[in-house]
file protein_38.txt (compact mmCIF, N, CA and C atoms)
# COMPACT_ATOMS: atom_id res chain seq x y z
N MET A 1 10.55 42.83 2.32
CA MET A 1 10.44 42.06 3.54
C MET A 1 9.13 41.28 3.60
N ALA A 2 8.08 41.86 3.09
CA ALA A 2 6.79 41.17 3.10
C ALA A 2 6.89 39.87 2.32
N GLN A 3 7.67 39.90 1.25
CA GLN A 3 7.83 38.70 0.46
C GLN A 3 8.55 37.61 1.26
N GLY A 4 9.56 37.98 2.00
CA GLY A 4 10.30 37.02 2.83
C GLY A 4 9.43 36.41 3.90
N ASN A 5 8.56 37.19 4.52
CA ASN A 5 7.65 36.67 5.54
C ASN A 5 6.67 35.68 4.96
N THR A 6 6.17 35.95 3.74
CA THR A 6 5.23 35.03 3.11
C THR A 6 5.90 33.69 2.86
N SER A 7 7.12 33.72 2.39
CA SER A 7 7.84 32.47 2.13
C SER A 7 8.01 31.66 3.40
N LYS A 8 8.35 32.34 4.51
CA LYS A 8 8.53 31.64 5.78
C LYS A 8 7.22 31.02 6.24
N ARG A 9 6.12 31.77 6.10
CA ARG A 9 4.82 31.24 6.50
C ARG A 9 4.46 30.02 5.67
N GLN A 10 4.69 30.08 4.37
CA GLN A 10 4.37 28.95 3.51
C GLN A 10 5.22 27.74 3.88
N ARG A 11 6.51 27.98 4.13
CA ARG A 11 7.38 26.86 4.48
C ARG A 11 7.00 26.25 5.82
N SER A 12 6.65 27.07 6.78
CA SER A 12 6.33 26.53 8.10
C SER A 12 5.01 25.79 8.10
N SER A 13 4.09 26.11 7.19
CA SER A 13 2.81 25.40 7.17
C SER A 13 2.91 24.11 6.37
N ALA A 14 3.89 23.97 5.50
CA ALA A 14 4.02 22.78 4.66
C ALA A 14 4.17 21.50 5.48
N PRO A 15 5.05 21.44 6.49
CA PRO A 15 5.17 20.20 7.25
C PRO A 15 3.88 19.81 7.96
N THR A 16 3.13 20.79 8.43
CA THR A 16 1.85 20.50 9.08
C THR A 16 0.89 19.88 8.09
N GLN A 17 0.81 20.44 6.89
CA GLN A 17 -0.08 19.89 5.88
C GLN A 17 0.36 18.48 5.52
N ARG A 18 1.65 18.25 5.37
CA ARG A 18 2.15 16.94 5.01
C ARG A 18 1.80 15.92 6.10
N LYS A 19 1.97 16.33 7.35
CA LYS A 19 1.69 15.42 8.47
C LYS A 19 0.20 15.04 8.49
N GLN A 20 -0.68 16.01 8.27
CA GLN A 20 -2.11 15.74 8.28
C GLN A 20 -2.49 14.82 7.11
N ALA A 21 -1.88 15.04 5.94
CA ALA A 21 -2.22 14.26 4.76
C ALA A 21 -1.70 12.82 4.85
N HIS A 22 -0.77 12.57 5.76
CA HIS A 22 -0.17 11.24 5.83
C HIS A 22 -0.31 10.63 7.21
N GLY A 23 -1.45 10.83 7.79
CA GLY A 23 -1.73 10.21 9.08
C GLY A 23 -2.07 8.75 8.90
N LYS A 24 -2.25 8.07 9.99
CA LYS A 24 -2.52 6.63 9.99
C LYS A 24 -3.73 6.28 9.14
N ALA A 25 -4.81 7.03 9.26
CA ALA A 25 -6.03 6.73 8.50
C ALA A 25 -5.78 6.87 7.00
N HIS A 26 -5.04 7.89 6.61
CA HIS A 26 -4.75 8.09 5.18
C HIS A 26 -3.86 6.96 4.67
N CYS A 27 -2.86 6.56 5.44
CA CYS A 27 -2.00 5.45 5.04
C CYS A 27 -2.81 4.17 4.86
N LEU A 28 -3.72 3.90 5.78
CA LEU A 28 -4.55 2.70 5.67
C LEU A 28 -5.40 2.72 4.42
N ARG A 29 -5.95 3.89 4.09
CA ARG A 29 -6.76 4.01 2.87
C ARG A 29 -5.91 3.75 1.64
N ILE A 30 -4.70 4.26 1.63
CA ILE A 30 -3.78 4.04 0.51
C ILE A 30 -3.40 2.56 0.44
N LEU A 31 -3.06 1.96 1.57
CA LEU A 31 -2.65 0.55 1.59
C LEU A 31 -3.74 -0.37 1.07
N ARG A 32 -4.98 -0.04 1.35
CA ARG A 32 -6.10 -0.87 0.87
C ARG A 32 -6.21 -0.86 -0.65
N GLN A 33 -5.66 0.16 -1.28
CA GLN A 33 -5.77 0.29 -2.73
C GLN A 33 -4.52 -0.17 -3.48
N LEU A 34 -3.48 -0.57 -2.77
CA LEU A 34 -2.21 -0.85 -3.42
C LEU A 34 -2.27 -2.02 -4.40
N SER A 35 -3.00 -3.06 -4.09
CA SER A 35 -3.08 -4.19 -5.00
C SER A 35 -3.67 -3.75 -6.34
N ALA A 36 -4.76 -3.00 -6.29
CA ALA A 36 -5.38 -2.48 -7.52
C ALA A 36 -4.44 -1.50 -8.22
N TYR A 37 -3.69 -0.73 -7.45
CA TYR A 37 -2.73 0.23 -8.00
C TYR A 37 -1.64 -0.50 -8.78
N ILE A 38 -1.08 -1.55 -8.18
CA ILE A 38 -0.02 -2.32 -8.84
C ILE A 38 -0.54 -2.98 -10.11
N ASP A 39 -1.79 -3.39 -10.10
CA ASP A 39 -2.39 -4.06 -11.27
C ASP A 39 -2.97 -3.08 -12.28
N ASP A 40 -2.73 -1.78 -12.12
CA ASP A 40 -3.24 -0.74 -13.03
C ASP A 40 -4.76 -0.78 -13.18
N GLU A 41 -5.46 -0.95 -12.07
CA GLU A 41 -6.92 -1.03 -12.09
C GLU A 41 -7.59 0.23 -11.56
N LEU A 42 -6.83 1.29 -11.29
CA LEU A 42 -7.38 2.51 -10.71
C LEU A 42 -7.35 3.65 -11.72
N SER A 43 -8.20 4.64 -11.48
CA SER A 43 -8.23 5.81 -12.34
C SER A 43 -6.94 6.62 -12.17
N GLY A 44 -6.66 7.47 -13.14
CA GLY A 44 -5.46 8.29 -13.12
C GLY A 44 -5.39 9.19 -11.91
N ASP A 45 -6.52 9.76 -11.50
CA ASP A 45 -6.55 10.65 -10.34
C ASP A 45 -6.13 9.92 -9.06
N ILE A 46 -6.65 8.72 -8.89
CA ILE A 46 -6.32 7.94 -7.69
C ILE A 46 -4.85 7.52 -7.73
N CYS A 47 -4.37 7.13 -8.92
CA CYS A 47 -2.95 6.76 -9.06
C CYS A 47 -2.05 7.95 -8.72
N ASP A 48 -2.44 9.13 -9.17
CA ASP A 48 -1.66 10.33 -8.86
C ASP A 48 -1.61 10.58 -7.36
N GLU A 49 -2.76 10.40 -6.70
CA GLU A 49 -2.82 10.60 -5.24
C GLU A 49 -1.92 9.59 -4.54
N ILE A 50 -1.96 8.35 -4.99
CA ILE A 50 -1.13 7.31 -4.38
C ILE A 50 0.35 7.61 -4.61
N ARG A 51 0.71 8.02 -5.82
CA ARG A 51 2.11 8.37 -6.10
C ARG A 51 2.60 9.51 -5.22
N ARG A 52 1.76 10.53 -5.05
CA ARG A 52 2.14 11.65 -4.18
C ARG A 52 2.36 11.16 -2.76
N HIS A 53 1.44 10.33 -2.29
CA HIS A 53 1.55 9.80 -0.93
C HIS A 53 2.83 8.98 -0.78
N LEU A 54 3.08 8.09 -1.73
CA LEU A 54 4.26 7.23 -1.64
C LEU A 54 5.55 8.06 -1.65
N GLY A 55 5.55 9.15 -2.40
CA GLY A 55 6.72 10.00 -2.46
C GLY A 55 7.00 10.73 -1.15
N ALA A 56 5.96 10.88 -0.33
CA ALA A 56 6.11 11.61 0.93
C ALA A 56 6.04 10.72 2.16
N CYS A 57 5.75 9.43 1.98
CA CYS A 57 5.59 8.53 3.12
C CYS A 57 6.52 7.32 2.96
N PRO A 58 7.67 7.35 3.60
CA PRO A 58 8.65 6.27 3.43
C PRO A 58 8.12 4.90 3.86
N ASN A 59 7.26 4.85 4.86
CA ASN A 59 6.73 3.55 5.30
C ASN A 59 5.87 2.91 4.22
N CYS A 60 4.99 3.70 3.62
CA CYS A 60 4.12 3.16 2.56
C CYS A 60 4.95 2.84 1.32
N GLU A 61 5.95 3.65 1.04
CA GLU A 61 6.82 3.38 -0.12
C GLU A 61 7.55 2.06 0.06
N THR A 62 8.04 1.80 1.25
CA THR A 62 8.71 0.52 1.54
C THR A 62 7.73 -0.63 1.39
N PHE A 63 6.50 -0.44 1.87
CA PHE A 63 5.49 -1.49 1.78
C PHE A 63 5.16 -1.81 0.33
N VAL A 64 4.95 -0.78 -0.50
CA VAL A 64 4.59 -1.03 -1.90
C VAL A 64 5.75 -1.68 -2.65
N THR A 65 6.98 -1.34 -2.32
CA THR A 65 8.13 -1.99 -2.94
C THR A 65 8.15 -3.47 -2.60
N SER A 66 7.90 -3.78 -1.34
CA SER A 66 7.84 -5.17 -0.90
C SER A 66 6.70 -5.91 -1.57
N LEU A 67 5.54 -5.28 -1.67
CA LEU A 67 4.38 -5.90 -2.31
C LEU A 67 4.68 -6.19 -3.78
N ARG A 68 5.29 -5.24 -4.48
CA ARG A 68 5.64 -5.46 -5.89
C ARG A 68 6.60 -6.66 -6.04
N GLN A 69 7.57 -6.76 -5.14
CA GLN A 69 8.52 -7.88 -5.20
C GLN A 69 7.80 -9.20 -4.94
N THR A 70 6.89 -9.22 -4.00
CA THR A 70 6.13 -10.43 -3.68
C THR A 70 5.28 -10.86 -4.87
N VAL A 71 4.59 -9.90 -5.49
CA VAL A 71 3.75 -10.20 -6.66
C VAL A 71 4.62 -10.74 -7.79
N SER A 72 5.77 -10.12 -8.01
CA SER A 72 6.67 -10.57 -9.06
C SER A 72 7.15 -12.00 -8.82
N LEU A 73 7.52 -12.29 -7.59
CA LEU A 73 7.96 -13.65 -7.26
C LEU A 73 6.84 -14.66 -7.48
N CYS A 74 5.64 -14.31 -7.09
CA CYS A 74 4.50 -15.22 -7.25
C CYS A 74 4.17 -15.45 -8.73
N ARG A 75 4.32 -14.43 -9.54
CA ARG A 75 4.01 -14.55 -10.97
C ARG A 75 5.06 -15.36 -11.72
N HIS A 76 6.29 -15.32 -11.26
CA HIS A 76 7.38 -15.93 -12.02
C HIS A 76 7.84 -17.29 -11.48
N ASN A 77 7.26 -17.72 -10.41
CA ASN A 77 7.63 -19.03 -9.87
C ASN A 77 6.44 -19.96 -9.99
N PRO A 78 6.69 -21.19 -10.41
CA PRO A 78 5.57 -22.14 -10.55
C PRO A 78 4.99 -22.51 -9.19
N SER A 79 3.70 -22.77 -9.19
CA SER A 79 3.04 -23.20 -7.96
C SER A 79 3.46 -24.63 -7.66
N PRO A 80 3.68 -24.93 -6.40
CA PRO A 80 4.06 -26.31 -6.06
C PRO A 80 2.86 -27.25 -6.25
N THR A 81 3.17 -28.46 -6.62
CA THR A 81 2.12 -29.47 -6.78
C THR A 81 1.93 -30.16 -5.44
N LEU A 82 0.68 -30.23 -5.01
CA LEU A 82 0.37 -30.89 -3.74
C LEU A 82 -0.36 -32.20 -4.00
N SER A 83 -0.05 -33.18 -3.21
CA SER A 83 -0.77 -34.45 -3.31
C SER A 83 -2.18 -34.26 -2.77
N ALA A 84 -3.05 -35.19 -3.07
CA ALA A 84 -4.43 -35.14 -2.57
C ALA A 84 -4.44 -35.15 -1.04
N ALA A 85 -3.55 -35.94 -0.45
CA ALA A 85 -3.48 -36.02 1.01
C ALA A 85 -3.02 -34.68 1.61
N SER A 86 -2.03 -34.05 0.99
CA SER A 86 -1.55 -32.75 1.47
C SER A 86 -2.63 -31.69 1.35
N ARG A 87 -3.38 -31.70 0.24
CA ARG A 87 -4.47 -30.73 0.07
C ARG A 87 -5.55 -30.94 1.13
N ALA A 88 -5.85 -32.19 1.45
CA ALA A 88 -6.86 -32.49 2.46
C ALA A 88 -6.42 -31.99 3.84
N VAL A 89 -5.17 -32.22 4.18
CA VAL A 89 -4.64 -31.76 5.47
C VAL A 89 -4.67 -30.24 5.54
N MET A 90 -4.25 -29.59 4.46
CA MET A 90 -4.23 -28.13 4.43
C MET A 90 -5.65 -27.57 4.55
N ARG A 91 -6.59 -28.17 3.82
CA ARG A 91 -7.98 -27.72 3.90
C ARG A 91 -8.51 -27.87 5.32
N LYS A 92 -8.23 -28.98 5.95
CA LYS A 92 -8.69 -29.23 7.32
C LYS A 92 -8.13 -28.16 8.27
N LYS A 93 -6.84 -27.85 8.14
CA LYS A 93 -6.22 -26.84 9.01
C LYS A 93 -6.81 -25.45 8.77
N ILE A 94 -7.08 -25.14 7.53
CA ILE A 94 -7.68 -23.83 7.20
C ILE A 94 -9.07 -23.75 7.83
N LEU A 95 -9.84 -24.77 7.66
CA LEU A 95 -11.20 -24.77 8.21
C LEU A 95 -11.17 -24.71 9.74
N GLU A 96 -10.24 -25.41 10.35
CA GLU A 96 -10.11 -25.36 11.83
C GLU A 96 -9.73 -23.96 12.29
N THR A 97 -8.82 -23.35 11.57
CA THR A 97 -8.34 -22.01 11.93
C THR A 97 -9.44 -20.97 11.79
N THR A 98 -10.23 -21.09 10.74
CA THR A 98 -11.29 -20.08 10.50
C THR A 98 -12.56 -20.40 11.26
N GLY A 99 -12.62 -21.57 11.88
CA GLY A 99 -13.82 -21.94 12.64
C GLY A 99 -14.95 -22.42 11.74
N THR A 100 -14.64 -22.77 10.49
CA THR A 100 -15.64 -23.27 9.55
C THR A 100 -15.58 -24.77 9.52
N ARG A 101 -16.72 -25.39 9.30
CA ARG A 101 -16.72 -26.86 9.22
C ARG A 101 -17.24 -27.30 7.90
call {"tool": "encode", "arguments": {"input": "protein_38.txt", "output": "structure tokens"}}
result
Amino acid sequence: MAQGNTSKRQRSSAPTQRKQAHGKAHCLRILRQLSAYIDDELSGDICDEIRRHLGACPNCETFVTSLRQTVSLCRHNPSPTLSAASRAVMRKKILETTGTR
């Protein structure tokens, strides 16, 4: 019976640990590293942590899947050619938006 009680205690504490490990702050820390993760720029330990998190956090897993698809599309599609006038208009709008002159 003691063995059965230990198993129940371990099982009941697991969801609490999972919830704490995947709170908003932890997700944000993981999300900040995803670009480097996708580009294989992180150490093995950090990659393992991210993989564990993604396996337990459906929101972050969905985000990384979307990010990978976006990166793939950007890498495989040619950049559009812009005229000098279009580049000037775009630069002006960017500077206006950021408050830079």
call {"tool": "atom_distance", "arguments": {"input": "protein_38.txt", "atom1": "CA of Ile30 in chain A", "atom2": "CA of Cys60 in chain A"}}
result
8.2 Å
call {"tool": "residues_around", "arguments": {"input": "protein_38.txt", "residues": "range 32-43 of chain A", "least_positions_apart": "5", "cutoff": "7 Å", "atoms": "only N, CA and C atoms", "output": "PyMOL selection string"}}
result
chain A and resi 27+48+64
call {"tool": "atom_distance", "arguments": {"input": "protein_38.txt", "atom1": "CA of Asp45 in chain A", "atom2": "CA of Cys74 in chain A"}}
result
28.3 Å
call {"tool": "atom_distance", "arguments": {"input": "protein_38.txt", "atom1": "CA of Thr62 in chain A", "atom2": "CA of Arg75 in chain A"}}
result
20.1 Å
call {"tool": "select_by_dssp", "arguments": {"input": "protein_38.txt", "residues": "range 12-95 of chain A", "states": "alpha helix (DSSP H)", "output": "number ranges by chain"}}
result
A: 12-21, 24-38, 44-56, 58-76, 84-95
call {"tool": "decode", "arguments": {"input": "protein_38.txt", "residues": "range 65-99 of chain A", "atoms": "N, CA, C and O atoms", "output": "CSV table (one decimal), in the first residue's frame"}}
result
chain,number,residue,atom,x,y,z
A,65,THR,N,6.0,26.1,-34.8
A,65,THR,CA,5.7,25.5,-36.1
A,65,THR,C,5.4,26.6,-37.1
A,65,THR,O,5.9,26.6,-38.3
A,66,SER,N,4.7,27.6,-36.7
A,66,SER,CA,4.4,28.8,-37.6
A,66,SER,C,5.6,29.5,-37.9
A,66,SER,O,5.8,29.9,-39.1
A,67,LEU,N,6.5,29.7,-37.0
A,67,LEU,CA,7.8,30.4,-37.2
A,67,LEU,C,8.6,29.7,-38.2
A,67,LEU,O,9.2,30.3,-39.1
A,68,ARG,N,8.7,28.3,-38.1
A,68,ARG,CA,9.5,27.5,-39.0
A,68,ARG,C,8.9,27.7,-40.4
A,68,ARG,O,9.6,27.8,-41.4
A,69,GLN,N,7.6,27.7,-40.6
A,69,GLN,CA,6.9,27.8,-41.9
A,69,GLN,C,7.2,29.2,-42.5
A,69,GLN,O,7.5,29.3,-43.7
A,70,THR,N,7.2,30.2,-41.7
A,70,THR,CA,7.5,31.5,-42.1
A,70,THR,C,8.9,31.7,-42.6
A,70,THR,O,9.2,32.2,-43.7
A,71,VAL,N,9.8,31.1,-41.8
A,71,VAL,CA,11.3,31.2,-42.2
A,71,VAL,C,11.5,30.4,-43.5
A,71,VAL,O,12.2,30.9,-44.4
A,72,SER,N,10.8,29.3,-43.6
A,72,SER,CA,11.0,28.5,-44.9
A,72,SER,C,10.4,29.2,-46.1
A,72,SER,O,11.1,29.2,-47.1
A,73,LEU,N,9.3,29.8,-45.9
A,73,LEU,CA,8.7,30.6,-47.0
A,73,LEU,C,9.6,31.8,-47.4
A,73,LEU,O,9.9,32.0,-48.6
A,74,CYS,N,10.2,32.4,-46.4
A,74,CYS,CA,11.1,33.6,-46.7
A,74,CYS,C,12.4,33.1,-47.4
A,74,CYS,O,12.9,33.8,-48.3
A,75,ARG,N,12.9,32.0,-47.0
A,75,ARG,CA,14.1,31.4,-47.6
A,75,ARG,C,13.9,31.0,-49.1
A,75,ARG,O,14.8,31.0,-49.9
A,76,HIS,N,12.7,30.5,-49.4
A,76,HIS,CA,12.5,29.8,-50.7
A,76,HIS,C,11.8,30.7,-51.7
A,76,HIS,O,11.6,30.3,-52.8
A,77,ASN,N,11.4,31.9,-51.3
A,77,ASN,CA,10.8,32.8,-52.2
A,77,ASN,C,11.7,34.0,-52.5
A,77,ASN,O,12.2,34.6,-51.6
A,78,PRO,N,11.8,34.4,-53.7
A,78,PRO,CA,12.6,35.5,-54.0
A,78,PRO,C,12.1,36.8,-53.5
A,78,PRO,O,10.8,37.0,-53.3
A,79,SER,N,13.0,37.7,-53.1
A,79,SER,CA,12.5,39.0,-52.6
A,79,SER,C,12.0,39.9,-53.8
A,79,SER,O,12.6,39.8,-54.8
A,80,PRO,N,10.9,40.6,-53.5
A,80,PRO,CA,10.4,41.4,-54.6
A,80,PRO,C,11.4,42.6,-54.9
A,80,PRO,O,12.0,43.1,-54.0
A,81,THR,N,11.4,43.0,-56.1
A,81,THR,CA,12.2,44.1,-56.5
A,81,THR,C,11.4,45.4,-56.4
A,81,THR,O,10.3,45.5,-56.9
A,82,LEU,N,11.9,46.4,-55.7
A,82,LEU,CA,11.2,47.6,-55.5
A,82,LEU,C,11.9,48.7,-56.3
A,82,LEU,O,13.1,48.8,-56.4
A,83,SER,N,11.1,49.6,-56.9
A,83,SER,CA,11.7,50.7,-57.6
A,83,SER,C,12.3,51.7,-56.6
A,83,SER,O,12.0,51.7,-55.4
A,84,ALA,N,13.1,52.6,-57.0
A,84,ALA,CA,13.7,53.6,-56.2
A,84,ALA,C,12.6,54.5,-55.5
A,84,ALA,O,12.7,54.8,-54.3
A,85,ALA,N,11.5,54.8,-56.2
A,85,ALA,CA,10.4,55.6,-55.7
A,85,ALA,C,9.7,54.8,-54.6
A,85,ALA,O,9.4,55.3,-53.5
A,86,SER,N,9.5,53.5,-54.8
A,86,SER,CA,8.8,52.7,-53.8
A,86,SER,C,9.7,52.6,-52.5
A,86,SER,O,9.1,52.6,-51.4
A,87,ARG,N,11.0,52.4,-52.7
A,87,ARG,CA,11.9,52.3,-51.5
A,87,ARG,C,11.9,53.6,-50.7
A,87,ARG,O,11.8,53.6,-49.5
A,88,ALA,N,11.8,54.7,-51.4
A,88,ALA,CA,11.8,56.0,-50.8
A,88,ALA,C,10.5,56.2,-50.0
A,88,ALA,O,10.5,56.7,-48.8
A,89,VAL,N,9.4,55.8,-50.6
A,89,VAL,CA,8.1,55.9,-49.9
A,89,VAL,C,8.1,55.0,-48.6
A,89,VAL,O,7.7,55.4,-47.5
A,90,MET,N,8.6,53.8,-48.8
A,90,MET,CA,8.6,52.9,-47.7
A,90,MET,C,9.5,53.4,-46.6
A,90,MET,O,9.2,53.3,-45.4
A,91,ARG,N,10.7,53.9,-46.9
A,91,ARG,CA,11.6,54.4,-45.9
A,91,ARG,C,10.9,55.6,-45.2
A,91,ARG,O,11.0,55.7,-44.0
A,92,LYS,N,10.3,56.5,-45.9
A,92,LYS,CA,9.6,57.6,-45.3
A,92,LYS,C,8.6,57.1,-44.3
A,92,LYS,O,8.5,57.6,-43.2
A,93,LYS,N,7.8,56.1,-44.7
A,93,LYS,CA,6.7,55.6,-43.8
A,93,LYS,C,7.3,55.0,-42.5
A,93,LYS,O,6.8,55.1,-41.4
A,94,ILE,N,8.4,54.2,-42.7
A,94,ILE,CA,9.1,53.6,-41.6
A,94,ILE,C,9.6,54.7,-40.6
A,94,ILE,O,9.4,54.6,-39.4
A,95,LEU,N,10.2,55.6,-41.1
A,95,LEU,CA,10.8,56.7,-40.3
A,95,LEU,C,9.7,57.5,-39.6
A,95,LEU,O,9.8,57.8,-38.4
A,96,GLU,N,8.6,57.7,-40.3
A,96,GLU,CA,7.4,58.4,-39.6
A,96,GLU,C,6.8,57.6,-38.5
A,96,GLU,O,6.5,58.1,-37.4
A,97,THR,N,6.7,56.3,-38.8
A,97,THR,CA,6.2,55.4,-37.8
A,97,THR,C,7.0,55.2,-36.5
A,97,THR,O,6.5,55.2,-35.4
A,98,THR,N,8.3,55.2,-36.7
A,98,THR,CA,9.3,55.0,-35.6
A,98,THR,C,9.6,56.4,-34.9
A,98,THR,O,10.2,56.4,-33.9
A,99,GLY,N,9.2,57.5,-35.5
A,99,GLY,CA,9.5,58.8,-35.0
A,99,GLY,C,10.9,59.2,-35.2
A,99,GLY,O,11.4,60.2,-34.6
